[in-house]
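Structure data follow from protein_25.csv (CSV, C-alpha atoms):
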chain,number,residue,atom,x,y,z
A,27,MET,CA,0.0,0.0,0.0
A,28,THR,CA,1.2,3.5,-0.8
A,29,GLU,CA,0.8,5.8,2.2
A,30,VAL,CA,0.8,9.5,2.2
A,31,ILE,CA,0.7,12.3,4.8
A,32,ILE,CA,-1.8,15.1,4.4
A,33,ASP,CA,0.0,18.4,4.7
A,34,ARG,CA,-2.8,21.0,4.5
A,35,LEU,CA,-6.2,21.7,3.1
A,36,GLY,CA,-6.8,23.4,-0.2
A,37,ARG,CA,-9.2,26.3,-0.6
A,38,GLU,CA,-12.2,23.9,-1.3
A,39,GLY,CA,-11.4,21.8,1.7
A,40,ASP,CA,-9.6,18.8,0.1
A,41,GLY,CA,-6.5,17.5,1.8
A,42,ILE,CA,-3.2,18.1,-0.1
A,43,ALA,CA,-0.3,15.7,0.1
A,44,ALA,CA,2.9,15.4,-2.0
A,45,ASP,CA,1.0,13.4,-4.6
A,46,GLY,CA,-2.0,15.7,-5.0
A,47,PHE,CA,-5.5,16.2,-3.6
A,48,HIS,CA,-7.4,13.8,-1.3
A,49,PRO,CA,-11.0,14.6,-0.4
A,50,PHE,CA,-12.3,14.0,3.1
A,51,THR,CA,-9.0,14.1,4.8
A,52,LEU,CA,-7.4,16.5,7.4
A,53,PRO,CA,-3.9,17.9,8.0
A,54,GLY,CA,-1.5,15.4,9.6
A,55,GLU,CA,-3.5,12.3,8.7
A,56,ARG,CA,-1.7,9.3,7.3
A,57,ILE,CA,-3.9,7.7,4.5
A,58,VAL,CA,-3.9,5.2,1.7
A,59,PRO,CA,-5.3,7.1,-1.3
A,60,GLY,CA,-8.6,5.9,-2.7
A,61,ALA,CA,-12.3,6.8,-3.1
A,62,PRO,CA,-12.8,7.2,-0.3
A,63,PRO,CA,-9.3,7.3,1.2
A,64,GLN,CA,-8.4,4.8,3.9
A,65,VAL,CA,-7.4,6.8,7.0
A,66,LEU,CA,-4.7,5.0,8.9
A,67,ALA,CA,-3.9,7.7,11.5
A,68,PRO,CA,-6.8,10.1,12.0
A,69,SER,CA,-6.4,13.7,13.1
A,70,PRO,CA,-7.7,14.6,16.6
A,71,ASP,CA,-9.9,17.1,14.8
A,72,ARG,CA,-11.8,14.3,12.9
A,73,VAL,CA,-15.4,13.8,14.0
A,74,PRO,CA,-18.2,11.5,12.8
A,75,PRO,CA,-20.1,13.2,9.9
A,76,PRO,CA,-23.6,14.0,11.1
A,77,CYS,CA,-25.3,13.4,7.8
A,78,PRO,CA,-25.8,9.9,6.2
A,79,HIS,CA,-25.4,11.4,2.7
A,80,PHE,CA,-21.9,12.8,3.4
A,81,GLY,CA,-19.4,11.7,0.9
A,82,ALA,CA,-22.0,11.0,-1.8
A,83,CYS,CA,-23.8,14.4,-1.8
A,84,GLY,CA,-21.7,17.2,-3.1
A,85,GLY,CA,-23.3,19.8,-0.7
A,86,CYS,CA,-20.8,19.4,2.1
A,87,THR,CA,-17.1,18.6,1.9
A,88,LEU,CA,-16.0,19.0,5.6
A,89,GLN,CA,-18.4,17.3,7.9
A,90,HIS,CA,-15.6,15.1,9.0
A,91,ALA,CA,-13.9,18.1,10.7
A,92,GLY,CA,-14.7,19.5,14.1
A,93,ASP,CA,-16.2,23.0,14.5
A,94,ALA,CA,-13.1,24.3,16.3
A,95,PHE,CA,-10.8,23.1,13.6
A,96,LEU,CA,-13.0,24.6,10.8
A,97,ALA,CA,-13.2,28.0,12.6
A,98,ARG,CA,-9.3,28.1,12.8
A,99,TRP,CA,-8.9,26.9,9.3
A,100,LYS,CA,-11.4,29.4,7.8
A,101,VAL,CA,-9.9,32.4,9.7
A,102,GLY,CA,-6.5,31.1,8.4
A,103,THR,CA,-7.7,31.2,4.8
A,104,ILE,CA,-8.2,34.9,5.2
A,105,GLU,CA,-4.9,35.5,7.0
A,106,ARG,CA,-3.0,33.5,4.4
A,107,ALA,CA,-4.7,35.4,1.5
A,108,LEU,CA,-3.7,38.7,3.1
A,109,ALA,CA,-0.2,37.6,3.9
A,110,ALA,CA,0.3,36.6,0.2
A,111,ARG,CA,-0.3,40.3,-0.5
A,112,GLY,CA,2.0,41.5,2.3
A,113,LEU,CA,-1.0,42.4,4.5
A,114,GLN,CA,-2.3,41.6,8.0
A,115,ALA,CA,-5.2,42.8,10.0
A,116,PRO,CA,-6.8,42.3,13.4
A,117,MET,CA,-9.3,39.4,13.2
A,118,ARG,CA,-12.6,39.5,15.0
A,119,PRO,CA,-13.9,36.2,16.3
A,120,ILE,CA,-15.5,34.2,13.6
A,121,LEU,CA,-19.4,34.1,13.5
A,122,THR,CA,-20.7,30.8,12.3
A,123,SER,CA,-24.3,30.1,11.2
A,124,PRO,CA,-26.0,27.1,13.0
A,125,PRO,CA,-27.0,23.8,11.4
A,126,HIS,CA,-30.3,23.9,9.6
A,127,GLY,CA,-29.7,27.6,9.1
A,128,ARG,CA,-29.7,27.8,5.3
A,129,ARG,CA,-32.8,29.8,4.2
A,130,ARG,CA,-31.8,29.5,0.5
A,131,ALA,CA,-30.7,26.4,-1.4
A,132,THR,CA,-30.6,25.2,-5.0
A,133,PHE,CA,-31.7,21.7,-5.7
A,134,ALA,CA,-31.5,19.6,-8.9
A,135,ALA,CA,-34.4,17.6,-10.3
A,136,ARG,CA,-34.4,15.3,-13.2
A,137,ARG,CA,-37.1,13.2,-15.0
A,138,THR,CA,-35.9,9.7,-15.6
A,139,ARG,CA,-37.4,6.6,-17.3
A,140,LYS,CA,-38.3,5.2,-13.9
A,141,GLY,CA,-39.5,8.4,-12.3
A,142,VAL,CA,-37.8,11.5,-10.9
A,143,GLN,CA,-34.7,12.3,-8.9
A,144,VAL,CA,-34.5,15.3,-6.5
A,145,GLY,CA,-31.6,16.3,-4.4
A,146,PHE,CA,-28.1,17.8,-4.7
A,147,HIS,CA,-25.5,17.0,-7.3
A,148,ALA,CA,-22.8,14.5,-6.4
A,149,ARG,CA,-19.3,15.8,-6.0
A,150,ALA,CA,-17.9,17.1,-9.3
A,151,SER,CA,-20.7,15.3,-11.2
A,152,ASP,CA,-24.1,15.8,-12.9
A,153,ARG,CA,-25.4,12.8,-11.1
A,154,ILE,CA,-28.2,13.7,-8.6
A,155,VAL,CA,-28.1,12.2,-5.1
A,156,ASP,CA,-31.5,11.6,-3.7
A,157,ILE,CA,-31.3,13.0,-0.2
A,158,ARG,CA,-33.8,12.3,2.6
A,159,THR,CA,-32.3,14.5,5.2
A,160,CYS,CA,-30.0,17.6,5.3
A,161,HIS,CA,-28.3,19.3,8.2
A,162,LEU,CA,-27.7,22.5,6.2
A,163,VAL,CA,-31.2,23.7,5.1
A,164,ARG,CA,-34.1,24.9,7.3
A,165,THR,CA,-36.4,22.3,8.7
A,166,GLY,CA,-39.3,21.7,6.3
A,167,MET,CA,-37.5,22.6,3.1
A,168,LEU,CA,-37.1,19.0,2.0
A,169,GLU,CA,-40.9,18.6,2.4
A,170,LEU,CA,-41.1,20.3,-1.0
A,171,PHE,CA,-39.4,17.4,-2.7
A,172,PRO,CA,-42.6,15.7,-3.8
A,173,ALA,CA,-43.9,18.9,-5.4
A,174,ILE,CA,-40.5,19.5,-7.0
A,175,GLY,CA,-40.5,16.0,-8.3
A,176,GLN,CA,-43.9,16.6,-9.9
A,177,MET,CA,-42.6,19.7,-11.5
A,178,ALA,CA,-39.7,17.7,-13.0
A,179,ARG,CA,-42.2,15.0,-14.2
A,180,ILE,CA,-44.4,17.5,-16.1
A,181,GLY,CA,-41.9,20.3,-16.9
A,182,ALA,CA,-38.4,18.9,-17.4
A,183,SER,CA,-36.9,17.5,-20.6
A,184,ARG,CA,-34.9,14.3,-20.6
A,185,LYS,CA,-31.8,16.2,-21.6
A,186,ALA,CA,-31.3,18.5,-18.6
A,187,ALA,CA,-32.0,18.7,-14.9
A,188,LEU,CA,-34.1,21.5,-13.5
A,189,ARG,CA,-32.3,24.0,-11.1
A,190,VAL,CA,-34.8,24.7,-8.3
A,191,GLN,CA,-33.9,27.6,-6.0
A,192,VAL,CA,-35.9,27.5,-2.8
A,193,THR,CA,-35.9,30.5,-0.5
A,194,ASP,CA,-37.7,30.7,2.9
A,195,SER,CA,-39.8,33.8,3.5
A,196,ALA,CA,-42.3,34.8,6.2
A,197,ALA,CA,-45.0,34.2,3.6
A,198,GLY,CA,-43.8,30.7,2.7
A,199,TRP,CA,-41.5,29.1,0.2
A,200,ASP,CA,-40.2,31.3,-2.8
A,201,VAL,CA,-39.4,28.8,-5.6
A,202,ALA,CA,-37.6,29.8,-8.8
A,203,VAL,CA,-37.1,27.0,-11.4
A,204,ALA,CA,-34.7,27.2,-14.3
A,205,GLY,CA,-34.1,24.9,-17.2
A,206,GLY,CA,-37.6,23.7,-17.8
A,207,LYS,CA,-39.8,23.3,-20.9
A,208,ALA,CA,-41.4,26.4,-22.4
A,209,PRO,CA,-44.7,26.5,-20.5
A,210,ASP,CA,-48.0,26.4,-22.4
A,211,ALA,CA,-51.4,27.1,-20.8
A,212,ALA,CA,-51.8,23.5,-19.5
A,213,LEU,CA,-48.4,23.4,-17.9
A,214,ARG,CA,-48.9,26.8,-16.3
A,215,ALA,CA,-52.2,25.6,-14.8
A,216,GLU,CA,-50.7,22.4,-13.5
A,217,LEU,CA,-47.7,24.3,-12.0
A,218,ALA,CA,-50.0,26.8,-10.3
A,219,ARG,CA,-52.0,23.9,-8.8
A,220,LEU,CA,-48.8,22.3,-7.5
A,221,ALA,CA,-47.7,25.6,-5.9
A,222,ALA,CA,-51.0,26.0,-4.1
A,223,GLY,CA,-51.0,22.5,-2.8
A,224,ALA,CA,-47.4,22.7,-1.5
A,225,GLY,CA,-47.7,26.0,0.3
A,226,ILE,CA,-45.5,27.8,-2.1
A,227,ALA,CA,-45.8,31.6,-1.8
A,228,ARG,CA,-44.4,32.3,-5.3
A,229,LEU,CA,-43.4,30.0,-8.1
A,230,ALA,CA,-41.4,31.3,-11.0
A,231,TRP,CA,-40.5,29.3,-14.1
A,232,ASP,CA,-37.5,30.5,-16.1
A,233,GLY,CA,-38.1,34.0,-14.8
A,234,GLU,CA,-41.9,34.0,-15.4
A,235,VAL,CA,-44.0,34.2,-12.3
A,236,ILE,CA,-46.5,31.3,-12.7
A,237,ALA,CA,-48.3,31.8,-9.3
A,238,GLN,CA,-48.0,34.1,-6.4
A,239,HIS,CA,-50.3,33.4,-3.5
A,240,ARG,CA,-48.5,35.7,-1.1
A,241,PRO,CA,-45.7,38.2,-1.7
A,242,PRO,CA,-42.5,36.4,-0.4
A,243,ALA,CA,-41.1,39.4,1.4
A,244,GLN,CA,-37.8,39.5,3.2
A,245,ALA,CA,-37.1,41.9,6.1
A,246,LEU,CA,-34.1,44.1,5.3
A,247,GLY,CA,-33.9,46.3,8.4
A,248,ARG,CA,-37.2,48.0,8.8
A,249,ALA,CA,-38.2,47.4,5.2
A,250,GLN,CA,-40.1,44.5,3.7
A,251,VAL,CA,-38.6,43.7,0.3
A,252,VAL,CA,-40.0,41.3,-2.3
A,253,PRO,CA,-37.0,40.2,-4.3
A,254,PRO,CA,-37.4,39.3,-8.0
A,255,PRO,CA,-37.5,35.6,-8.6
A,256,GLY,CA,-34.1,33.9,-8.1
A,257,ALA,CA,-32.5,37.1,-6.8
A,258,PHE,CA,-29.4,36.9,-4.6
A,259,LEU,CA,-30.0,36.8,-0.8
A,260,GLN,CA,-27.6,36.1,1.9
A,261,ALA,CA,-27.7,32.3,2.7
A,262,THR,CA,-28.6,32.5,6.3
A,263,ALA,CA,-30.5,35.0,8.4
A,264,GLU,CA,-27.7,34.8,11.1
A,265,GLY,CA,-25.0,35.4,8.5
A,266,ALA,CA,-26.9,38.4,7.0
A,267,ALA,CA,-27.3,39.9,10.5
A,268,ALA,CA,-23.6,39.4,11.2
A,269,LEU,CA,-22.6,41.1,8.0
A,270,VAL,CA,-25.1,44.0,8.5
A,271,ALA,CA,-23.8,44.6,12.0
A,272,ALA,CA,-20.2,44.6,10.8
A,273,VAL,CA,-21.0,47.1,8.0
A,274,ARG,CA,-22.9,49.3,10.5
A,275,ALA,CA,-19.9,49.3,12.8
A,276,ALA,CA,-17.6,50.1,9.9
A,277,VAL,CA,-19.4,53.1,8.6
A,278,GLY,CA,-20.2,54.5,12.1
A,279,GLY,CA,-21.9,57.8,12.0
A,280,ALA,CA,-21.5,58.5,8.3
A,281,ARG,CA,-24.2,60.7,7.0
A,282,ARG,CA,-23.9,60.0,3.3
A,283,VAL,CA,-23.2,56.4,2.2
A,284,ALA,CA,-22.8,54.8,-1.2
A,285,ASP,CA,-23.7,51.1,-1.4
A,286,LEU,CA,-22.0,49.5,-4.4
A,287,PHE,CA,-23.3,46.2,-5.7
A,288,ALA,CA,-26.4,46.9,-3.6
A,289,GLY,CA,-28.6,44.0,-4.7
A,290,CYS,CA,-32.1,44.3,-3.1
A,291,GLY,CA,-30.8,46.5,-0.2
A,292,THR,CA,-29.2,44.1,2.3
A,293,PHE,CA,-27.0,46.9,3.5
A,294,ALA,CA,-28.6,50.0,2.0
A,295,LEU,CA,-31.9,49.7,3.8
A,296,PRO,CA,-30.6,49.1,7.3
A,297,LEU,CA,-28.1,51.9,6.9
A,298,ALA,CA,-30.9,54.2,5.8
A,299,GLU,CA,-32.1,54.2,9.4
A,300,THR,CA,-29.3,56.7,10.2
A,301,ALA,CA,-27.8,57.8,6.8
A,302,GLU,CA,-28.7,58.9,3.4
A,303,VAL,CA,-27.8,56.1,1.0
A,304,HIS,CA,-27.2,55.9,-2.7
A,305,ALA,CA,-27.6,52.3,-3.9
A,306,VAL,CA,-25.8,51.2,-7.1
A,307,GLU,CA,-26.6,47.9,-8.7
A,308,GLY,CA,-26.4,46.4,-12.2
A,309,ASP,CA,-29.7,44.5,-12.0
A,310,ALA,CA,-32.6,47.0,-12.5
A,311,ALA,CA,-35.2,44.5,-11.1
A,312,MET,CA,-33.4,44.2,-7.8
A,313,LEU,CA,-33.1,48.0,-7.5
A,314,ALA,CA,-36.9,48.2,-8.2
A,315,ALA,CA,-37.5,45.8,-5.3
A,316,LEU,CA,-35.2,47.9,-3.1
A,317,ASP,CA,-37.0,51.1,-4.0
A,318,ALA,CA,-40.4,49.6,-3.4
A,319,GLY,CA,-39.3,48.3,0.0
A,320,TRP,CA,-37.9,51.7,1.0
A,321,ARG,CA,-41.1,53.5,-0.1
A,322,ARG,CA,-43.3,51.3,2.1
A,323,ALA,CA,-41.0,51.5,5.2
A,324,ASP,CA,-41.4,54.1,7.9
A,325,GLY,CA,-38.7,56.2,9.4
A,326,LEU,CA,-35.9,55.8,6.8
A,327,LYS,CA,-33.8,58.5,5.4
A,328,ALA,CA,-33.5,59.1,1.6
A,329,VAL,CA,-32.4,56.2,-0.5
A,330,THR,CA,-31.6,57.0,-4.1
A,331,HIS,CA,-30.6,54.3,-6.6
A,332,GLU,CA,-28.8,53.9,-9.9
A,333,ALA,CA,-28.8,51.0,-12.3
A,334,ARG,CA,-25.1,50.7,-13.4
A,335,ASP,CA,-22.7,48.0,-14.4
A,336,LEU,CA,-19.9,48.6,-12.0
A,337,PHE,CA,-17.5,46.3,-13.9
A,338,ARG,CA,-17.9,48.2,-17.2
A,339,ARG,CA,-18.5,51.6,-15.7
A,340,PRO,CA,-17.3,52.0,-12.2
A,341,LEU,CA,-18.1,55.1,-10.2
A,342,GLU,CA,-15.4,57.6,-10.7
A,343,PRO,CA,-13.5,59.5,-8.0
A,344,LEU,CA,-15.4,62.7,-8.5
A,345,GLU,CA,-18.7,60.8,-8.0
A,346,LEU,CA,-17.4,59.1,-4.9
A,347,ARG,CA,-16.0,62.0,-3.1
A,348,ARG,CA,-19.4,63.3,-2.0
A,349,PHE,CA,-19.8,60.3,0.3
A,350,ASP,CA,-18.6,59.9,3.9
A,351,ALA,CA,-18.4,56.1,3.5
A,352,VAL,CA,-18.7,53.5,0.8
A,353,VAL,CA,-20.0,49.9,1.2
A,354,ILE,CA,-18.8,47.5,-1.5
A,355,ASP,CA,-20.1,43.9,-1.8
A,356,PRO,CA,-19.0,42.6,-5.1
A,357,PRO,CA,-19.4,39.0,-6.5
A,358,ARG,CA,-16.7,36.4,-6.0
A,359,ALA,CA,-14.5,37.9,-8.6
A,360,GLY,CA,-14.1,41.0,-6.5
A,361,ALA,CA,-14.1,44.6,-8.0
A,362,GLU,CA,-10.6,45.5,-9.0
A,363,ALA,CA,-11.6,48.4,-11.3
A,364,GLN,CA,-14.0,49.9,-8.8
A,365,THR,CA,-11.6,49.5,-5.9
A,366,ALA,CA,-9.0,51.4,-7.9
A,367,ARG,CA,-11.4,54.3,-8.3
A,368,LEU,CA,-12.2,54.2,-4.6
A,369,ALA,CA,-8.5,54.3,-3.8
A,370,GLN,CA,-8.2,57.5,-5.9
A,371,ALA,CA,-11.2,59.1,-4.4
A,372,GLY,CA,-10.0,58.8,-0.8
A,373,VAL,CA,-13.4,58.3,0.8
A,374,PRO,CA,-12.8,58.4,4.5
A,375,VAL,CA,-14.2,54.9,5.2
A,376,VAL,CA,-14.7,51.8,3.1
A,377,ALA,CA,-16.8,48.9,4.4
A,378,ALA,CA,-15.9,45.9,2.2
A,379,VAL,CA,-17.8,42.6,2.1
A,380,SER,CA,-16.4,39.6,0.3
A,381,CYS,CA,-17.1,35.9,-0.3
A,382,ASP,CA,-13.6,35.2,-1.6
A,383,PRO,CA,-10.5,35.9,0.6
A,384,ALA,CA,-8.2,35.9,-2.4
A,385,THR,CA,-10.0,38.6,-4.4
A,386,PHE,CA,-10.6,40.5,-1.2
A,387,ALA,CA,-6.9,40.5,-0.5
A,388,ARG,CA,-6.1,41.7,-4.0
A,389,ASP,CA,-8.5,44.6,-3.7
A,390,ALA,CA,-7.4,45.3,-0.1
A,391,ALA,CA,-3.8,45.7,-1.4
A,392,ILE,CA,-5.1,48.4,-3.8
A,393,LEU,CA,-6.6,50.4,-0.9
A,394,THR,CA,-3.7,50.0,1.5
A,395,GLY,CA,-1.3,50.9,-1.3
A,396,ALA,CA,-3.2,54.2,-1.6
A,397,GLY,CA,-2.9,55.1,2.1
A,398,TYR,CA,-5.8,53.2,3.7
A,399,ALA,CA,-5.5,51.3,6.9
A,400,LEU,CA,-7.1,47.9,7.2
A,401,ASP,CA,-8.6,48.3,10.6
A,402,TRP,CA,-10.2,44.9,11.1
A,403,VAL,CA,-11.7,41.9,9.5
A,404,GLN,CA,-14.9,40.1,10.6
A,405,PRO,CA,-15.0,36.5,9.4
A,406,VAL,CA,-18.5,35.2,8.8
A,407,ASP,CA,-19.2,31.5,8.0
A,408,GLN,CA,-22.6,31.0,6.4
A,409,PHE,CA,-21.5,27.9,4.6
A,410,ARG,CA,-20.9,25.2,7.3
A,411,TRP,CA,-18.9,22.2,6.3
A,412,SER,CA,-17.7,23.7,3.1
A,413,GLY,CA,-14.6,25.6,2.0
A,414,HIS,CA,-16.6,28.8,1.4
A,415,MET,CA,-16.2,31.8,3.6
A,416,GLU,CA,-17.4,35.4,3.9
A,417,LEU,CA,-16.1,38.5,5.6
A,418,ALA,CA,-16.6,42.1,6.3
A,419,ALA,CA,-13.7,44.6,6.8
A,420,ARG,CA,-13.2,48.3,7.6
A,421,PHE,CA,-10.7,50.5,5.7
A,422,SER,CA,-10.1,54.1,6.8
A,423,ARG,CA,-7.9,57.0,6.1
A,424,THR,CA,-7.6,60.4,7.7
A,425,ASP,CA,-5.7,62.2,5.0
A,426,GLY,CA,-7.2,63.5,1.7
A,427,PRO,CA,-7.1,61.8,-1.7

Kindly return the structure encoded in the file as structure tokens.
Amino acid sequence: MTEVIIDRLGREGDGIAADGFHPFTLPGERIVPGAPPQVLAPSPDRVPPPCPHFGACGGCTLQHAGDAFLARWKVGTIERALAARGLQAPMRPILTSPPHGRRRATFAARRTRKGVQVGFHARASDRIVDIRTCHLVRTGMLELFPAIGQMARIGASRKAALRVQVTDSAAGWDVAVAGGKAPDAALRAELARLAAGAGIARLAWDGEVIAQHRPPAQALGRAQVVPPPGAFLQATAEGAAALVAAVRAAVGGARRVADLFAGCGTFALPLAETAEVHAVEGDAAMLAALDAGWRRADGLKAVTHEARDLFRRPLEPLELRRFDAVVIDPPRAGAEAQTARLAQAGVPVVAAVSCDPATFARDAAILTGAGYALDWVQPVDQFRWSGHMELAARFSRTDGP
């Protein structure tokens, strides 16, 4: 038998040894490579995975690791990404969402010759794992599987699986299906019947709202916002609250704030309780939802908005200098061009939110190279048992641009 020692974990959570990657292993373990690997000398951080589907389902990669180890490792991913850019920062204690905390998940559903399959994709595969329990998603979400299976039976082709995004709301489940057949009148009627029977507040089919029994509003600060179907929402309520609290702390008493990549108002609307906010977002439908939520809410200061592709047309320094603070929450790729303009503008405070430590560190180096101090980083783990990580950070400067 060829034995190897696991040196460290890669960014997706796979163990790395001299001969390559080994899933479901931990640093220091002696293993015999295989699928799954045979662990000869387990790490003291190894724990029994709580889910019977672990290893087959691709939804989790690190259930074999204890919580304390995962917290250290995830904070370490941020520290290592910063160190690679010659940076360091005070780390606040990591805030981790609880099991069964995911309010948003995307399932796969496929019609087969023998019936239907509903679940998560297997690791690095288009094969669907039929799951019967899940320790990630909110209790009750899997009770939608019979209805989702019926949707696949009547609305999926044999060539492709449906992508079914389910989001919990106070009004009920908000379901957005992608990849289905073009709906005719009969399919629309059957889908609407399924939605009513399953307690689905809103059902959208490839962007078209098929049925809405109740508006699936989300509380963003004092505002109630109905996002467009399939819109981005922070994965857990606990994670969203942690990020909002960190952004509030970062901007402090700023009176005029720009929120870049604002989405439906995750940060803009809570900040509007104390500051005037200008929200900038490329998706006009999300901005319309933000604006409608703001108009219905009581006691908020002015929130203006602008539909703008910040990758193609970043806000320029002259536009940015009228703000006391800027919040920036870009997608995983970061916002290199927009960050460069922020650095030139010299806005007193930048509150940065990121879901990728590497691109965050790249953009942080742009700001610190222009005279900003990286005051602190708040790690937030909304994605238990995975290699994914989020954070919020505060940058400040006291001199001019």

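Nearest to A:Glu216 of all the residues A:Arg111, A:His79, A:Arg179, A:Arg282 is A:Arg179, counting all atoms listed in the file.
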
Next item on the list: For A:Glu345, work out the shell of residues within 10 Å, counting all atoms listed in the file and skipping chain neighbours fewer than 5 positions away, then give it as a list in words.
Entry: Ala284, Pro340, Arg367, Leu368 and Ala371 of chain A

In Å and to one decimal, atom CA of A:Leu220 is distant from atom CA of A:Ile236 by 10.6 Å

Worksheet item: Can you tell me, as a PyMOL selection string, what residues are no more than 12 Å from A:Gln191 when counting all atoms listed in the file, ignoring any on the same chain fewer than 6 positions away?
Response: chain A and resi 129-135+145-146+167+170+174+199-205+228-233+255-259+261

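Between atom CA of A:Pro242 and atom CA of A:Glu169 the separation is 18.1 Å.
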
Would you kindly identify which residues have an atom no farther than 8 Å from (-10.9, 35.4, 15.3), using all atoms listed in the file and the file's own coordinates, and write them out as a PyMOL selection string? chain A and resi 98+101+117-120+404-405

Compile a residue-level contact table for stretch 329-410 of chain A against stretch 310-322 of chain A at a cut-off of 10 Å, reporting for every qualifying residue the shortest atom pair and its distance in Å to one decimal, with all atoms listed in the file counted, rows ordered by chain and ascending number, as CSV.
residue,atom,partner,partner_atom,distance
A:Val329,CA,A:Trp320,CA,7.3
A:Thr330,CA,A:Asp317,CA,8.0
A:His331,CA,A:Leu313,CA,6.8
A:Glu332,CA,A:Leu313,CA,7.7
A:Ala333,CA,A:Ala310,CA,5.5
A:Arg334,CA,A:Ala310,CA,8.4

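Taking all atoms listed in the file into account, A:Leu286 lies nearest to A:Pro356 out of the set A:Pro356, A:Pro343, A:Pro78, A:Pro49.
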
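The shortest atom-to-atom distance to A:Ala387, with all atoms listed in the file taken into account, belongs to A:Arg106 out of A:Arg137, A:Arg164, A:Arg348, A:Arg106.
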
Using only C-alpha atoms, the shortest atom-to-atom distance to A:Asp401 among A:Ala44, A:Ala384, A:Leu269, A:Val277 belongs to A:Val277

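Comparing A:Thr292, A:Gln408, A:Thr300, A:Gln250 by their smallest distance to A:Val270, the closest is A:Thr292 (using only C-alpha atoms).
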
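Straight-line separation from atom CA of A:Ala396 to atom CA of A:Gly308: 26.7 Å.
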